[in-house]
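Structure first, commentary second.
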Amino acid sequence: MDDEDNPLPQGETGQILIRPTVPNSVMQRYINKPDETIAAWGNLWYHSGDLGYLDADGYVYFVGREAHWIRRRGENVSAFEVEKAMTAHPAVQDYGVVGVPSELGEEDIKAYVEVVAGADQPPPEDLVAWCREHIAYFKTPRYIEFVAEFPRTMTKNEIARHELRALGIGDCWDADNP
């Protein structure tokens with residue numbers, strides 16, 4: 001659906017909304033979070049925060065989380081898509097992508113990279129070249145920082161993106177000023 005809960009044409013990315021046919025079969029509320037509960041439910045739809053699209057056969061394809069999108073020079077970039085491309089690199093164990101403030105407005109893409117144990121750390125230029133071969137040029141990270149391990153959430157053990165985002169640009173490799 002679009003931002004006003006209207007259906008989108010096939011192939012166009014929007015938020016995945018859920019409307020149960022049986023009351024309380026999805027969820028009743030977020031415990032101790034009344035504001036989040038109200039924000040998640042609108043027009044009798046549960047707003048999942050997930051982004052996806054429908055194909056011609058009615059299958060839903062997951063594209064990423066709405067909160068994990070980066071707005072770069074007028075383009076929406078899915079952190080999920082960039083991370084998927086990067087984790088295919090043989091030297092990359094794990095990868096986290098966040099938006100950081102850009103001097104041009106909106107955001108630039110910063111990548112945090114954890115290298116496979118025992119592997120040599122690849123030059124940042126090689127990772128940028130890898131990205132350019134596998135995803136659109138505007139999705140390629142400008143900043144790259146190597147980490148020994150990622151901060152993780154306690155509940156799902158996911159990369160704690162909010163902690164990475166809070167670090168800002170910091171002292172890392174910059175493709176515009178190598």
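Quick note on naming: the chains in the structure tokens go A, B, ... in the order shown, residues restart at 1 in each chain, and ligands are numbered from 1 in order of appearance.
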
Near A:Ala111, counting only C-alpha atoms, which residues have an atom at most 8 Å away, once you skip same-chain residues fewer than 2 positions from it, shown as an mmCIF file with N, CA and C atoms, in the first residue's frame?
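Writing the result to selection_23.cif gives the following:
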```cif
data_model
loop_
_atom_site.group_PDB
_atom_site.id
_atom_site.type_symbol
_atom_site.label_atom_id
_atom_site.label_comp_id
_atom_site.auth_asym_id
_atom_site.auth_seq_id
_atom_site.Cartn_x
_atom_site.Cartn_y
_atom_site.Cartn_z
ATOM 1 N N TYR A 95 27.563 -7.627 7.666
ATOM 2 C CA TYR A 95 27.580 -6.300 7.071
ATOM 3 C C TYR A 95 26.379 -5.532 7.574
ATOM 4 N N GLY A 96 26.575 -4.305 8.002
ATOM 5 C CA GLY A 96 25.475 -3.449 8.424
ATOM 6 C C GLY A 96 25.534 -2.124 7.699
ATOM 7 N N VAL A 97 24.400 -1.685 7.179
ATOM 8 C CA VAL A 97 24.341 -0.447 6.402
ATOM 9 C C VAL A 97 23.379 0.521 7.073
ATOM 10 N N VAL A 98 23.809 1.779 7.195
ATOM 11 C CA VAL A 98 22.955 2.829 7.770
ATOM 12 C C VAL A 98 23.121 4.116 6.969
ATOM 13 N N ILE A 109 25.459 6.701 2.415
ATOM 14 C CA ILE A 109 25.424 5.321 2.896
ATOM 15 C C ILE A 109 26.747 4.979 3.564
ATOM 16 N N VAL A 113 31.602 -3.318 8.200
ATOM 17 C CA VAL A 113 31.961 -4.626 7.660
ATOM 18 C C VAL A 113 32.708 -5.447 8.699
ATOM 19 N N PRO A 141 27.971 2.113 -1.014
ATOM 20 C CA PRO A 141 28.343 2.903 0.160
ATOM 21 C C PRO A 141 29.442 3.921 -0.130
ATOM 22 N N ARG A 142 29.292 5.085 0.461
ATOM 23 C CA ARG A 142 30.349 6.103 0.386
ATOM 24 C C ARG A 142 31.383 5.854 1.483
ATOM 25 N N TYR A 143 30.912 5.465 2.661
ATOM 26 C CA TYR A 143 31.790 5.271 3.813
ATOM 27 C C TYR A 143 31.869 3.786 4.157
ATOM 28 N N ILE A 144 33.070 3.340 4.528
ATOM 29 C CA ILE A 144 33.251 1.953 4.966
ATOM 30 C C ILE A 144 34.092 1.955 6.237
ATOM 31 N N GLU A 145 33.594 1.211 7.223
ATOM 32 C CA GLU A 145 34.309 1.052 8.485
ATOM 33 C C GLU A 145 34.318 -0.430 8.850
#
```

For this session: Assign secondary structure with DSSP using the backbone only, and return the residues of stretch 3-39 of chain A in helix (DSSP H, G or I) as a list in words.
Result: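 These are the residues in question: Pro34, Asp35, Glu36, Thr37, Ile38 and Ala39 of chain A.
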
For this session: Go through A:Thr37, A:Thr140, A:Asn43, A:Ser25 and flag the residue nearest A:Val82, using only C-alpha atoms for the distances.
Result: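 Counting only C-alpha atoms, the residue closest to A:Val82 is A:Thr140.
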
For this session: Fewer than 5 positions away in the same chain doesn't count, so skip those; otherwise give me all residues within 9 Å of stretch 61-75 of chain A, counting only C-alpha atoms, as a ChimeraX atom specification.
Result: /A:13,15-16,48-55,80-81,97-100,102,104-109,138-139,161

Exercise. Hey, can you check how far atom CA of A:Thr21 sits from atom CA of A:Asp57?
Worked result: 21.8 Å

Excluding A:Gly168 and residues on its chain fewer than 3 positions from it, collect all residues at most 8 Å away from it, counting only C-alpha atoms, and give them as a tab-separated table (two decimals) with N, CA and C atoms, in the first residue's frame.
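And here is the file that came out, around-v6.tsv:
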```tsv
chain	number	residue	atom	x	y	z
A	100	VAL	N	23.83	8.09	7.02
A	100	VAL	CA	24.50	9.11	7.83
A	100	VAL	C	24.28	10.46	7.14
A	101	PRO	N	24.32	11.55	7.89
A	101	PRO	CA	24.08	12.86	7.29
A	101	PRO	C	25.03	13.16	6.14
A	164	LEU	N	24.66	1.92	15.46
A	164	LEU	CA	25.57	2.26	14.36
A	164	LEU	C	25.26	3.65	13.83
A	165	ARG	N	23.96	3.94	13.66
A	165	ARG	CA	23.55	5.26	13.15
A	165	ARG	C	24.01	6.36	14.10
```

Can you build me a table of stretch 88-113 of chain A residues sitting at most 9 Å from stretch 120-130 of chain A, with the closest atom pair per residue and its distance in Å to one decimal, using only C-alpha atoms, sorted by chain and residue number, as a Markdown table?
```
| residue | atom | partner | partner_atom | distance |
| --- | --- | --- | --- | --- |
| A:His89 | CA | A:Trp130 | CA | 7.4 |
| A:Ala91 | CA | A:Pro122 | CA | 7.0 |
| A:Val92 | CA | A:Gln121 | CA | 8.7 |
```

For this session: Taking the chain letters and numbering used in this document, name the residues of stretch 12-77 of chain A that DSSP puts in strand (DSSP E), as a ChimeraX atom specification.
Result: /A:14-18,41-42,45-54,60-65,69-72,75-77

For this session: Go through A:Tyr112, A:Asp176, A:Leu167, A:Pro7 and flag the residue nearest A:Met86, using only C-alpha atoms for the distances.
Result: A:Tyr112

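Counting from atom CA of A:Asn32, the distance to atom CA of A:Tyr46 is 17.8 Å.
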